[in-house]
Amino acid sequence: MALYSVRKARECWSLIRALHKGPAAAPAPQKDSVERVFSGIQPTGIPHLGNYLGAIESWVKLQEEYDTVLYSIVDLHSITVPQDPSVLQQSTLDMTAVLLACGINPEKSILFQQSQVSEHTQLSWILTCMVRLPRLQHLHQWKAKAARQKHDGTVGLLTYPVLQAADILCYKSTHVPVGEDQVQHMELVQDLARSFNQKYGEFFPLPKSILTSMKKVKSLRDPSAKMSKSDPDKLATVGITDSPEEIVQKFRKAVTDFTSEVTYEPESRAGVSNMVAIHAAVSGLSVEEVVRSSAGMDTARYKLLVADAVIEKFAPIRSEIEKLKMDKDHLKKVLLVGSAKAKELAYPVFEEVKKLVGIL
């Protein structure tokens, strides 16, 4: 009995040491010449038309263009605002299904869950200790969100851009696809990489922004604002999984103007121009081709034409999402395998960071 107890104790200590050390055979740090793309998406609600055209569609193309591509479902970012735990878990799986259905291929890219790779938060703390408070307080998104939440804005909301920087830098990412509203955060990422390199020697590459060619998709109800998941007007936003009937209704109610002709003049005719931009993006045609093919058509008929084009674009994606959501085990396995691959890349980078900083 005593021998059995000793043997079990040894096994437990072996396991503890293995967990403490991380992966037993972590690969050597990657060469700086490797081009590596990183991007993330929060698992808060089904992506809308703007998310698809502004980010996800370009993510699919990037899989063919770069050596290593990582796409993270950034669940830690999502809890900067209150979340229902069971809803968040389901939303993470739903987002996995959406990305797979849209064309993200785990054989060509690494799709993973942010919280399963602890190096993100560990590096975030080191970077947090290098950034001054006013730098974060001056970020536009903090000002906007803090104004809306008044005194309810959390420290997590203030510092999430630093976690965003850690997401990118813990893989020594060289390129990051971003929208126009993320340019300021990318400047922070570059500044933090530069500061770390100046203090500890050249280590992190300065990641470059990949700006998507598609400009912001505007709200269907207010073409002066971008399309948003949080818009209280349900007719303003087209979700990827909306039914054909819902899509038709939303486009029929879309705000245009009192001129019937279809033209592309973003400054003077924002509503109609939004319709044209969406039509061009989902059909693969140029803006000029779309306008030319719509000559003689009034805007009421044209809005229904755009709705049909969106329905046609999303029909196979919507069908695939529903099929994937039926197999939760498969979705969990995709995230588990992807997270293991991501950790293989992040672990050696963070081990080097620890040595540079002086952490045993």
# chains A, B, ... in the order shown; residues from 1 in each chain; ligands from 1
call {"tool": "closest_atom_pairs", "arguments": {"of": "stretch 102-171 of chain A", "to": "stretch 332-350 of chain A", "cutoff": "10 Å", "atoms": "only C-alpha atoms", "output": "CSV"}}
result
residue,atom,partner,partner_atom,distance
A:Pro106,CA,A:Gly338,CA,7.4
A:Glu107,CA,A:Gly338,CA,9.8
A:Ser109,CA,A:Gly338,CA,8.7
A:Ile110,CA,A:Gly338,CA,5.3
A:Leu111,CA,A:Gly338,CA,5.1
A:Phe112,CA,A:Gly338,CA,4.6
A:Gln113,CA,A:Leu335,CA,6.0
A:Gln114,CA,A:Ser339,CA,7.7
A:Ser115,CA,A:Ser339,CA,9.0
A:Gln116,CA,A:Ser339,CA,6.1
A:Val117,CA,A:Lys343,CA,5.7
A:Ser118,CA,A:Lys343,CA,8.2
A:Glu119,CA,A:Ala346,CA,6.4
A:His120,CA,A:Ala346,CA,8.2
A:Gln122,CA,A:Phe350,CA,8.3
A:Leu123,CA,A:Phe350,CA,7.0
A:Asp167,CA,A:Ala346,CA,9.5
A:Leu169,CA,A:Val349,CA,8.9
A:Cys170,CA,A:Ala346,CA,5.4
A:Tyr171,CA,A:Ala346,CA,5.3
call {"tool": "select_by_dssp", "arguments": {"residues": "stretch 146-301 of chain A", "states": "strand (DSSP E)", "output": "list in words"}}
result
His175, Val176, Pro177, Val178, Lys208, Ser209, Ile210 and Leu211 of chain A
call {"tool": "atom_distance", "arguments": {"atom1": "atom CA of A:Ser228", "atom2": "atom CA of A:Thr259"}}
result
26.5 Å
call {"tool": "atom_distance", "arguments": {"atom1": "atom CA of A:Leu235", "atom2": "atom CA of A:Asp84"}}
result
24.8 Å
call {"tool": "closest_residue", "arguments": {"among": "A:Thr96, A:Ser58, A:Gln141, A:Asn51", "to": "A:Glu322", "atoms": "only C-alpha atoms"}}
result
A:Thr96
call {"tool": "residues_around", "arguments": {"residues": "A:Glu261", "least_positions_apart": "6", "cutoff": "12 Å", "atoms": "only C-alpha atoms", "output": "PyMOL selection string"}}
result
chain A and resi 269+272-273+276+291-292+294-303
call {"tool": "closest_residue", "arguments": {"among": "A:Leu157, A:Val69, A:Val98, A:Ile46", "to": "A:Pro82", "atoms": "only C-alpha atoms"}}
result
A:Leu157
call {"tool": "atom_distance", "arguments": {"atom1": "atom CA of A:Glu64", "atom2": "atom CA of A:Ile278"}}
result
24.4 Å
call {"tool": "select_by_dssp", "arguments": {"residues": "stretch 87-134 of chain A", "states": "alpha helix (DSSP H)", "output": "list in words"}}
result
Val87, Leu88, Gln89, Gln90, Ser91, Thr92, Leu93, Asp94, Met95, Thr96, Ala97, Val98, Leu99, Leu100, Ala101, Cys102, Glu119, His120, Thr121, Gln122, Leu123, Ser124, Trp125, Ile126, Leu127, Thr128, Leu133 and Pro134 of chain A
call {"tool": "residues_around", "arguments": {"residues": "A:Gly271", "least_positions_apart": "5", "cutoff": "9 Å", "atoms": "only C-alpha atoms", "output": "JSON, numbers by chain"}}
result
{"A": [218, 219, 220, 221, 222, 223, 224, 254, 255, 256, 257, 266, 276]}
call {"tool": "closest_residue", "arguments": {"among": "A:Gln249, A:Thr92, A:Thr174, A:Thr121", "to": "A:Ser72", "atoms": "only C-alpha atoms"}}
result
A:Thr92
call {"tool": "closest_residue", "arguments": {"among": "A:Ala55, A:Val155, A:Leu211, A:Leu285", "to": "A:Cys102", "atoms": "only C-alpha atoms"}}
result
A:Ala55
call {"tool": "residues_around", "arguments": {"residues": "A:Thr154", "least_positions_apart": "4", "cutoff": "9 Å", "atoms": "only C-alpha atoms", "output": "ChimeraX atom specification"}}
result
/A:80-81,146,158-159
call {"tool": "write_last_selection", "arguments": {"atoms": "N, CA, C and O atoms", "output": "PDB file, in the first residue's frame"}}
result
ATOM      1  N   THR A  80     -15.613  41.863 -21.762  1.00  0.00           N
ATOM      2  CA  THR A  80     -15.451  43.244 -21.292  1.00  0.00           C
ATOM      3  C   THR A  80     -16.818  43.875 -21.033  1.00  0.00           C
ATOM      4  O   THR A  80     -16.908  44.925 -20.392  1.00  0.00           O
ATOM      5  N   VAL A  81     -17.869  43.249 -21.556  1.00  0.00           N
ATOM      6  CA  VAL A  81     -19.240  43.616 -21.209  1.00  0.00           C
ATOM      7  C   VAL A  81     -19.912  42.356 -20.666  1.00  0.00           C
ATOM      8  O   VAL A  81     -19.512  41.243 -20.997  1.00  0.00           O
ATOM      9  N   ALA A 146     -16.876  54.526 -23.235  1.00  0.00           N
ATOM     10  CA  ALA A 146     -16.951  55.048 -21.876  1.00  0.00           C
ATOM     11  C   ALA A 146     -18.050  56.109 -21.777  1.00  0.00           C
ATOM     12  O   ALA A 146     -18.734  56.215 -20.751  1.00  0.00           O
ATOM     13  N   LEU A 158     -11.034  49.254 -20.846  1.00  0.00           N
ATOM     14  CA  LEU A 158      -9.926  50.187 -21.070  1.00  0.00           C
ATOM     15  C   LEU A 158      -8.691  49.478 -21.631  1.00  0.00           C
ATOM     16  O   LEU A 158      -8.036  49.977 -22.546  1.00  0.00           O
ATOM     17  N   THR A 159      -8.386  48.295 -21.072  1.00  0.00           N
ATOM     18  CA  THR A 159      -7.122  47.630 -21.417  1.00  0.00           C
ATOM     19  C   THR A 159      -7.244  46.573 -22.505  1.00  0.00           C
ATOM     20  O   THR A 159      -6.235  45.977 -22.883  1.00  0.00           O
TER      21      THR A 159
END
call {"tool": "closest_atom_pairs", "arguments": {"of": "stretch 153-213 of chain A", "to": "stretch 355-358 of chain A", "cutoff": "12 Å", "atoms": "only C-alpha atoms", "output": "Markdown table"}}
result
| residue | atom | partner | partner_atom | distance |
| --- | --- | --- | --- | --- |
| A:Phe196 | CA | A:Val357 | CA | 9.5 |
| A:Asn197 | CA | A:Leu356 | CA | 10.2 |
| A:Gln198 | CA | A:Leu356 | CA | 11.9 |
| A:Lys199 | CA | A:Val357 | CA | 9.3 |
| A:Tyr200 | CA | A:Leu356 | CA | 6.2 |
| A:Gly201 | CA | A:Leu356 | CA | 8.5 |
| A:Glu202 | CA | A:Leu356 | CA | 10.7 |
| A:Phe203 | CA | A:Leu356 | CA | 9.4 |
| A:Phe204 | CA | A:Leu356 | CA | 11.9 |
call {"tool": "closest_atom_pairs", "arguments": {"of": "stretch 240-307 of chain A", "to": "stretch 312-315 of chain A", "cutoff": "12 Å", "atoms": "only C-alpha atoms", "output": "JSON lines"}}
result
{"residue": "A:Ile240", "atom": "CA", "partner": "A:Phe314", "partner_atom": "CA", "distance": 6.4}
{"residue": "A:Thr241", "atom": "CA", "partner": "A:Phe314", "partner_atom": "CA", "distance": 7.6}
{"residue": "A:Asp242", "atom": "CA", "partner": "A:Phe314", "partner_atom": "CA", "distance": 8.7}
{"residue": "A:Ser243", "atom": "CA", "partner": "A:Ala315", "partner_atom": "CA", "distance": 8.8}
{"residue": "A:Pro244", "atom": "CA", "partner": "A:Ala315", "partner_atom": "CA", "distance": 8.4}
{"residue": "A:Ile247", "atom": "CA", "partner": "A:Phe314", "partner_atom": "CA", "distance": 10.3}
{"residue": "A:Val248", "atom": "CA", "partner": "A:Glu312", "partner_atom": "CA", "distance": 11.8}
{"residue": "A:Ile278", "atom": "CA", "partner": "A:Lys313", "partner_atom": "CA", "distance": 11.2}
{"residue": "A:His279", "atom": "CA", "partner": "A:Lys313", "partner_atom": "CA", "distance": 10.4}
{"residue": "A:Ala280", "atom": "CA", "partner": "A:Lys313", "partner_atom": "CA", "distance": 11.8}
{"residue": "A:Ala281", "atom": "CA", "partner": "A:Lys313", "partner_atom": "CA", "distance": 10.1}
{"residue": "A:Val282", "atom": "CA", "partner": "A:Lys313", "partner_atom": "CA", "distance": 6.3}
{"residue": "A:Ser283", "atom": "CA", "partner": "A:Lys313", "partner_atom": "CA", "distance": 7.8}
{"residue": "A:Gly284", "atom": "CA", "partner": "A:Lys313", "partner_atom": "CA", "distance": 10.4}
{"residue": "A:Leu305", "atom": "CA", "partner": "A:Glu312", "partner_atom": "CA", "distance": 10.7}
{"residue": "A:Val306", "atom": "CA", "partner": "A:Glu312", "partner_atom": "CA", "distance": 9.9}
{"residue": "A:Ala307", "atom": "CA", "partner": "A:Glu312", "partner_atom": "CA", "distance": 8.6}
call {"tool": "write_last_selection", "arguments": {"atoms": "N, CA and C atoms", "output": "PDB file, in the first residue's frame"}}
result
ATOM      1  N   ILE A 240     -26.124  37.030 -41.420  1.00  0.00           N
ATOM      2  CA  ILE A 240     -25.775  35.964 -42.364  1.00  0.00           C
ATOM      3  C   ILE A 240     -26.839  34.868 -42.390  1.00  0.00           C
ATOM      4  N   THR A 241     -27.459  34.617 -41.233  1.00  0.00           N
ATOM      5  CA  THR A 241     -28.444  33.531 -41.152  1.00  0.00           C
ATOM      6  C   THR A 241     -29.892  34.017 -41.289  1.00  0.00           C
ATOM      7  N   ASP A 242     -30.096  35.266 -41.669  1.00  0.00           N
ATOM      8  CA  ASP A 242     -31.460  35.753 -41.883  1.00  0.00           C
ATOM      9  C   ASP A 242     -32.151  34.947 -42.981  1.00  0.00           C
ATOM     10  N   SER A 243     -33.440  34.751 -42.820  1.00  0.00           N
ATOM     11  CA  SER A 243     -34.216  34.035 -43.849  1.00  0.00           C
ATOM     12  C   SER A 243     -34.395  34.938 -45.068  1.00  0.00           C
ATOM     13  N   PRO A 244     -34.696  34.357 -46.236  1.00  0.00           N
ATOM     14  CA  PRO A 244     -34.961  35.175 -47.430  1.00  0.00           C
ATOM     15  C   PRO A 244     -36.051  36.205 -47.185  1.00  0.00           C
ATOM     16  N   ILE A 247     -34.623  39.121 -45.185  1.00  0.00           N
ATOM     17  CA  ILE A 247     -33.729  39.934 -46.013  1.00  0.00           C
ATOM     18  C   ILE A 247     -34.535  40.842 -46.938  1.00  0.00           C
ATOM     19  N   VAL A 248     -35.565  40.304 -47.579  1.00  0.00           N
ATOM     20  CA  VAL A 248     -36.410  41.104 -48.471  1.00  0.00           C
ATOM     21  C   VAL A 248     -37.061  42.245 -47.689  1.00  0.00           C
ATOM     22  N   ILE A 278     -23.163  47.319 -51.762  1.00  0.00           N
ATOM     23  CA  ILE A 278     -23.512  45.959 -51.334  1.00  0.00           C
ATOM     24  C   ILE A 278     -23.722  45.063 -52.543  1.00  0.00           C
ATOM     25  N   HIS A 279     -24.463  45.555 -53.526  1.00  0.00           N
ATOM     26  CA  HIS A 279     -24.744  44.778 -54.744  1.00  0.00           C
ATOM     27  C   HIS A 279     -23.451  44.382 -55.450  1.00  0.00           C
ATOM     28  N   ALA A 280     -22.546  45.351 -55.575  1.00  0.00           N
ATOM     29  CA  ALA A 280     -21.260  45.081 -56.242  1.00  0.00           C
ATOM     30  C   ALA A 280     -20.463  44.032 -55.464  1.00  0.00           C
ATOM     31  N   ALA A 281     -20.445  44.157 -54.138  1.00  0.00           N
ATOM     32  CA  ALA A 281     -19.638  43.249 -53.312  1.00  0.00           C
ATOM     33  C   ALA A 281     -20.151  41.815 -53.361  1.00  0.00           C
ATOM     34  N   VAL A 282     -21.465  41.623 -53.280  1.00  0.00           N
ATOM     35  CA  VAL A 282     -21.990  40.247 -53.239  1.00  0.00           C
ATOM     36  C   VAL A 282     -22.058  39.611 -54.627  1.00  0.00           C
ATOM     37  N   SER A 283     -22.079  40.431 -55.676  1.00  0.00           N
ATOM     38  CA  SER A 283     -22.182  39.892 -57.044  1.00  0.00           C
ATOM     39  C   SER A 283     -20.825  39.724 -57.714  1.00  0.00           C
ATOM     40  N   GLY A 284     -19.799  40.382 -57.152  1.00  0.00           N
ATOM     41  CA  GLY A 284     -18.480  40.309 -57.766  1.00  0.00           C
ATOM     42  C   GLY A 284     -18.295  41.263 -58.920  1.00  0.00           C
ATOM     43  N   LEU A 305     -33.816  43.881 -56.026  1.00  0.00           N
ATOM     44  CA  LEU A 305     -32.767  43.208 -56.810  1.00  0.00           C
ATOM     45  C   LEU A 305     -31.542  42.943 -55.926  1.00  0.00           C
ATOM     46  N   VAL A 306     -31.184  43.938 -55.125  1.00  0.00           N
ATOM     47  CA  VAL A 306     -30.043  43.781 -54.208  1.00  0.00           C
ATOM     48  C   VAL A 306     -30.358  42.697 -53.163  1.00  0.00           C
ATOM     49  N   ALA A 307     -31.589  42.700 -52.661  1.00  0.00           N
ATOM     50  CA  ALA A 307     -31.998  41.683 -51.688  1.00  0.00           C
ATOM     51  C   ALA A 307     -31.833  40.287 -52.277  1.00  0.00           C
TER      52      ALA A 307
END
call {"tool": "closest_residue", "arguments": {"among": "A:Thr44, A:Ser230, A:Ser209, A:Thr68", "to": "A:Gln182", "atoms": "only C-alpha atoms"}}
result
A:Ser209
call {"tool": "decode", "arguments": {"residues": "stretch 252-271 of chain A", "atoms": "N, CA and C atoms", "output": "compact mmCIF listing (two decimals), in the first residue's frame"}}
result
# COMPACT_ATOMS: atom_id res chain seq x y z
N ARG A 252 -36.42 46.17 -48.44
CA ARG A 252 -37.59 46.94 -48.87
C ARG A 252 -37.74 48.20 -48.01
N LYS A 253 -37.40 48.09 -46.71
CA LYS A 253 -37.51 49.21 -45.79
C LYS A 253 -36.24 50.07 -45.74
N ALA A 254 -35.22 49.70 -46.52
CA ALA A 254 -33.95 50.44 -46.49
C ALA A 254 -34.15 51.90 -46.90
N VAL A 255 -33.47 52.79 -46.21
CA VAL A 255 -33.58 54.23 -46.48
C VAL A 255 -32.76 54.58 -47.72
N THR A 256 -33.40 55.25 -48.66
CA THR A 256 -32.68 55.77 -49.84
C THR A 256 -32.93 57.27 -49.92
N ASP A 257 -33.62 57.74 -50.97
CA ASP A 257 -33.99 59.15 -51.07
C ASP A 257 -35.16 59.29 -52.04
N PHE A 258 -35.46 60.52 -52.45
CA PHE A 258 -36.63 60.75 -53.28
C PHE A 258 -36.33 60.72 -54.77
N THR A 259 -35.08 60.43 -55.14
CA THR A 259 -34.71 60.33 -56.55
C THR A 259 -34.73 58.87 -56.95
N SER A 260 -35.42 58.55 -58.03
CA SER A 260 -35.60 57.14 -58.41
C SER A 260 -34.38 56.53 -59.07
N GLU A 261 -33.57 57.30 -59.75
CA GLU A 261 -32.45 56.76 -60.52
C GLU A 261 -31.40 56.11 -59.62
N VAL A 262 -30.81 55.02 -60.11
CA VAL A 262 -29.74 54.33 -59.38
C VAL A 262 -28.39 54.92 -59.78
N THR A 263 -27.72 55.57 -58.83
CA THR A 263 -26.39 56.14 -59.07
C THR A 263 -25.49 55.85 -57.87
N TYR A 264 -24.20 56.04 -58.07
CA TYR A 264 -23.25 55.86 -56.96
C TYR A 264 -22.63 57.21 -56.64
N GLU A 265 -23.17 57.87 -55.62
CA GLU A 265 -22.68 59.18 -55.18
C GLU A 265 -22.69 59.19 -53.64
N PRO A 266 -21.68 58.61 -53.02
CA PRO A 266 -21.67 58.42 -51.56
C PRO A 266 -21.88 59.69 -50.75
N GLU A 267 -21.39 60.81 -51.25
CA GLU A 267 -21.50 62.05 -50.48
C GLU A 267 -22.91 62.62 -50.49
N SER A 268 -23.57 62.56 -51.64
CA SER A 268 -24.89 63.19 -51.77
C SER A 268 -26.05 62.20 -51.73
N ARG A 269 -25.77 60.92 -52.03
CA ARG A 269 -26.83 59.89 -52.04
C ARG A 269 -26.34 58.65 -51.29
N ALA A 270 -26.18 58.80 -49.98
CA ALA A 270 -25.56 57.74 -49.16
C ALA A 270 -26.37 56.45 -49.18
N GLY A 271 -27.69 56.55 -49.09
CA GLY A 271 -28.53 55.35 -49.02
C GLY A 271 -28.46 54.51 -50.27
